[in-house]
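The data block below is target-v1.txt; it holds compact mmCIF, C-alpha atoms.
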# COMPACT_ATOMS: atom_id res chain seq x y z
CA ARG A 26 -60.60 -19.93 -4.92
CA GLN A 27 -58.71 -19.63 -1.72
CA ARG A 28 -54.93 -19.64 -1.63
CA LYS A 29 -53.17 -22.09 0.61
CA LYS A 30 -50.95 -20.59 3.24
CA CYS A 31 -47.28 -21.46 2.97
CA ARG A 32 -46.79 -21.57 6.71
CA PRO A 33 -48.93 -23.11 9.43
CA ASN A 34 -50.52 -20.81 12.00
CA PHE A 35 -47.98 -21.39 14.75
CA PRO A 36 -44.82 -19.56 15.76
CA SER A 37 -41.49 -20.83 14.49
CA TYR A 38 -39.51 -22.90 16.97
CA PRO A 39 -35.95 -24.13 16.80
CA GLU A 40 -35.46 -27.61 15.46
CA GLU A 41 -37.11 -30.15 17.70
CA SER A 42 -34.85 -32.35 19.70
CA SER A 43 -35.61 -35.61 21.44
CA ASN A 44 -35.75 -33.91 24.84
CA THR A 45 -38.47 -31.39 23.82
CA LEU A 46 -41.55 -31.86 25.95
CA GLU A 47 -44.84 -32.65 24.26
CA HIS A 48 -46.58 -29.48 25.48
CA GLU A 49 -43.73 -27.30 24.05
CA LYS A 50 -44.27 -28.54 20.49
CA PRO A 51 -46.38 -26.43 18.14
CA LYS A 52 -49.98 -27.51 17.77
CA ALA A 53 -51.13 -28.87 14.45
CA ARG A 54 -54.17 -27.54 12.61
CA SER A 55 -56.14 -30.75 12.27
CA GLY A 56 -57.36 -32.05 15.60
CA GLY A 57 -54.07 -32.43 17.42
CA LYS A 58 -52.35 -34.39 14.68
CA TYR A 59 -49.93 -33.06 12.11
CA SER A 60 -51.12 -33.13 8.56
CA LEU A 61 -48.92 -33.89 5.55
CA GLU A 62 -49.06 -30.20 4.59
CA ASP A 63 -47.81 -29.16 8.06
CA ALA A 64 -44.90 -31.60 7.81
CA ASP A 65 -43.90 -30.35 4.33
CA VAL A 66 -43.94 -26.71 5.44
CA GLY A 67 -41.93 -27.58 8.54
CA ALA A 68 -39.35 -29.44 6.45
CA VAL A 69 -39.07 -26.54 3.99
CA HIS A 70 -38.69 -24.12 6.90
CA SER A 71 -36.04 -26.36 8.48
CA ASP A 72 -34.11 -26.66 5.19
CA ARG A 73 -34.26 -22.90 4.69
CA THR A 74 -32.99 -22.31 8.22
CA LYS A 75 -30.11 -24.75 7.67
CA ARG A 76 -29.16 -23.07 4.38
CA GLN A 77 -29.28 -19.63 5.98
CA SER A 78 -27.16 -20.84 8.87
CA ARG A 79 -24.61 -22.42 6.51
CA LEU A 80 -24.52 -19.25 4.40
CA HIS A 81 -24.02 -17.16 7.55
CA VAL A 82 -21.07 -19.37 8.62
CA GLU A 83 -19.53 -19.24 5.12
CA THR A 84 -19.93 -15.46 4.95
CA ASN A 85 -18.32 -15.03 8.36
CA ALA A 86 -15.40 -17.26 7.36
CA HIS A 87 -14.93 -15.30 4.12
CA LEU A 88 -15.05 -11.97 5.97
CA GLN A 89 -12.55 -13.25 8.52
CA ALA A 90 -10.17 -14.34 5.74
CA LEU A 91 -10.47 -10.94 4.02
CA THR A 92 -9.89 -9.14 7.32
CA THR A 93 -6.80 -11.25 8.03
CA ASP A 94 -5.41 -10.58 4.54
CA LEU A 95 -6.05 -6.87 4.94
CA LEU A 96 -4.33 -6.81 8.34
CA TYR A 97 -1.23 -8.57 6.97
CA SER A 98 -1.16 -6.17 4.02
CA LEU A 99 -1.45 -3.15 6.32
CA LYS A 100 1.28 -4.50 8.61
CA ALA A 101 3.64 -4.95 5.67
CA GLU A 102 2.84 -1.48 4.33
CA HIS A 103 3.33 0.03 7.79
CA ALA A 104 6.70 -1.71 8.17
CA LYS A 105 7.82 -0.41 4.76
CA LEU A 106 6.73 3.15 5.57
CA LEU A 107 8.45 2.99 8.95
CA GLU A 108 11.63 1.76 7.27
CA ASP A 109 11.44 4.56 4.68
CA VAL A 110 10.89 7.24 7.33
CA THR A 111 13.73 5.88 9.46
CA GLN A 112 16.04 5.88 6.43
CA GLU A 113 15.01 9.44 5.56
CA ILE A 114 15.72 10.60 9.12
CA LEU A 115 19.16 8.98 9.04
CA VAL A 116 19.99 10.51 5.65
CA ARG A 117 18.87 13.96 6.82
CA LYS A 118 20.97 13.62 9.96
CA VAL A 119 24.06 12.58 7.99
CA ALA A 120 23.44 15.30 5.39
CA SER A 121 23.02 18.00 8.01
CA GLN A 122 26.23 16.94 9.77
CA ASN A 123 28.16 16.45 6.51
CA SER A 124 26.98 19.21 4.18
CA HIS A 125 29.90 18.47 1.82
CA PHE A 126 28.10 15.17 0.97
CA VAL A 127 25.09 17.08 -0.38
CA CYS A 128 25.13 18.23 -4.00
CA PRO A 129 24.65 22.02 -4.31
CA LEU A 130 22.53 21.39 -7.43
CA SER A 131 20.19 18.94 -5.71
CA PRO A 132 16.55 20.02 -5.63
CA HIS A 133 16.29 18.28 -2.24
CA PRO A 134 18.49 19.85 0.44
CA PHE A 135 18.97 16.59 2.38
CA THR A 136 19.81 14.22 -0.48
CA LEU A 137 23.24 12.66 -0.27
CA ILE A 138 25.37 12.48 -3.39
CA LYS A 139 25.02 9.07 -5.03
CA ASP A 140 27.76 9.33 -7.67
CA PRO A 141 30.23 12.04 -6.59
CA VAL A 142 32.28 13.70 -9.32
CA VAL A 143 34.63 16.69 -9.32
CA ALA A 144 34.02 19.27 -12.05
CA ALA A 145 36.71 21.52 -13.54
CA ASP A 146 35.90 24.18 -10.92
CA GLY A 147 37.15 21.80 -8.17
CA HIS A 148 33.78 21.34 -6.52
CA THR A 149 32.02 18.00 -5.98
CA TYR A 150 28.61 17.40 -7.51
CA ASP A 151 26.32 14.44 -8.04
CA ARG A 152 26.96 13.20 -11.60
CA GLN A 153 23.28 13.25 -12.54
CA ASN A 154 22.79 16.84 -11.31
CA ILE A 155 25.91 18.32 -12.98
CA GLU A 156 25.14 16.52 -16.27
CA LYS A 157 21.66 18.01 -16.16
CA TRP A 158 23.21 21.44 -15.45
CA PHE A 159 25.50 21.11 -18.50
CA GLN A 160 22.57 20.06 -20.73
CA GLU A 161 20.47 23.03 -19.58
CA GLN A 162 23.40 25.40 -20.22
CA GLU A 163 23.89 23.94 -23.70
CA MET A 164 20.16 24.12 -24.54
CA ALA A 165 19.99 27.74 -23.38
CA GLY A 166 23.10 28.66 -25.40
CA HIS A 167 25.08 29.77 -22.34
CA CYS A 168 28.20 27.85 -23.25
CA GLY A 169 31.03 29.36 -25.25
CA GLY A 170 33.92 28.22 -27.43
CA GLY A 171 37.27 26.99 -26.23
CA GLY A 172 38.61 30.46 -25.41
CA LYS A 173 42.40 30.98 -25.72
CA GLY A 174 44.10 28.87 -28.34
CA GLY A 175 40.87 28.36 -30.31
CA GLY A 176 40.13 24.88 -28.86
CA SER A 177 36.92 23.24 -29.87
CA GLN A 178 35.81 22.20 -26.37
CA LEU A 179 32.74 24.07 -25.11
CA LYS A 180 33.01 26.08 -21.92
CA PHE A 181 30.22 26.11 -19.36
CA LYS A 182 29.49 28.40 -16.47
CA SER A 183 30.31 26.83 -13.10
CA PRO A 184 27.17 26.49 -10.96
CA LYS A 185 29.20 27.25 -7.81
CA THR A 186 31.73 29.92 -8.88
CA GLY A 187 30.30 31.30 -12.13
CA GLN A 188 33.66 30.93 -13.95
CA GLN A 189 33.99 29.26 -17.35
CA ILE A 190 34.82 25.53 -17.05
CA ALA A 191 35.17 22.55 -19.37
CA ARG A 192 32.73 19.65 -19.26
CA THR A 193 35.22 17.27 -17.67
CA LEU A 194 34.16 15.22 -14.69
CA THR A 195 36.36 13.04 -12.49
CA VAL A 196 35.10 10.50 -9.96
CA ASN A 197 35.67 11.74 -6.41
CA LEU A 198 36.79 8.56 -4.66
CA LEU A 199 37.36 10.26 -1.32
CA ALA A 200 33.80 11.60 -1.26
CA LYS A 201 32.47 8.21 -2.37
CA GLU A 202 34.26 6.47 0.53
CA GLY A 203 33.14 9.14 2.98
CA ILE A 204 29.51 8.89 1.93
CA SER A 205 29.45 5.10 2.17
CA ALA A 206 31.12 5.29 5.62
CA ALA A 207 28.58 7.86 6.85
Would you write out, as structure tokens, the structure that this file holds?
Amino acid sequence: RQRKKCRPNFPSYPEESSNTLEHEKPKARSGGKYSLEDADVGAVHSDRTKRQSRLHVETNAHLQALTTDLLYSLKAEHAKLLEDVTQEILVRKVASQNSHFVCPLSPHPFTLIKDPVVAADGHTYDRQNIEKWFQEQEMAGHCGGGGKGGGSQLKFKSPKTGQQIARTLTVNLLAKEGISAA
């Protein structure tokens, strides 16, 4: 048995329009007239072309939407990074000009004090950093008893002076105002 061909033996042409000349149309296999088989294959080919074209348009629209979303996302991320870098530059500038607004215990040399407190040694620290210092001293066993008079309050080593101090902290309002004004 011979298999039937799915496509006629003529090149594919774009969809025929009413202004296509007769000699430009593909020739049919059976004596100049189109057979039913030729018409069915042409219709299938036309439907396939339309589906492919529609799929191409839908894919392009989807890709354009994804690209637009990605661009907006990147713009927002860029704006946030630019804001963060600008803020960091300003903080570093203020910190370098006002070194008394930087906690000596801070692991970052250009971080302004957020919650300024004065310890018993008279120096200003960021509350979080000095509390951490006290906890580390206590864990390491470097704090002593109350000293003279037998008081029960523990004494800690001052991070700035090295002298024995109590764990009393007082809010430094002047530093707080100065930092917020800077």
Close residues, Arg192 in chain A itself excluded, 8 Å, only C-alpha atoms, min 5 positions apart in chain, as a ChimeraX atom specification:
/A:144-145,159,179-181
To one decimal in Å, tell me the separation between CA of Val142 in chain A and CA of Phe126 in chain A.
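Spanning CA of Val142 in chain A to CA of Phe126 in chain A is a straight-line distance of 11.2 Å.
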Best match for closeness to Glu163 in chain A among A:Lys182, A:Val143, A:Leu106, A:Thr193, counting all atoms listed in the file
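With all atoms listed in the file as the atom set, the closest residue is A:Lys182.
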Any idea what the distance is between CA of Ala104 in chain A and CA of Leu137 in chain A?
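Answer for the CA of Ala104 in chain A to CA of Leu137 in chain A separation: 23.5 Å.
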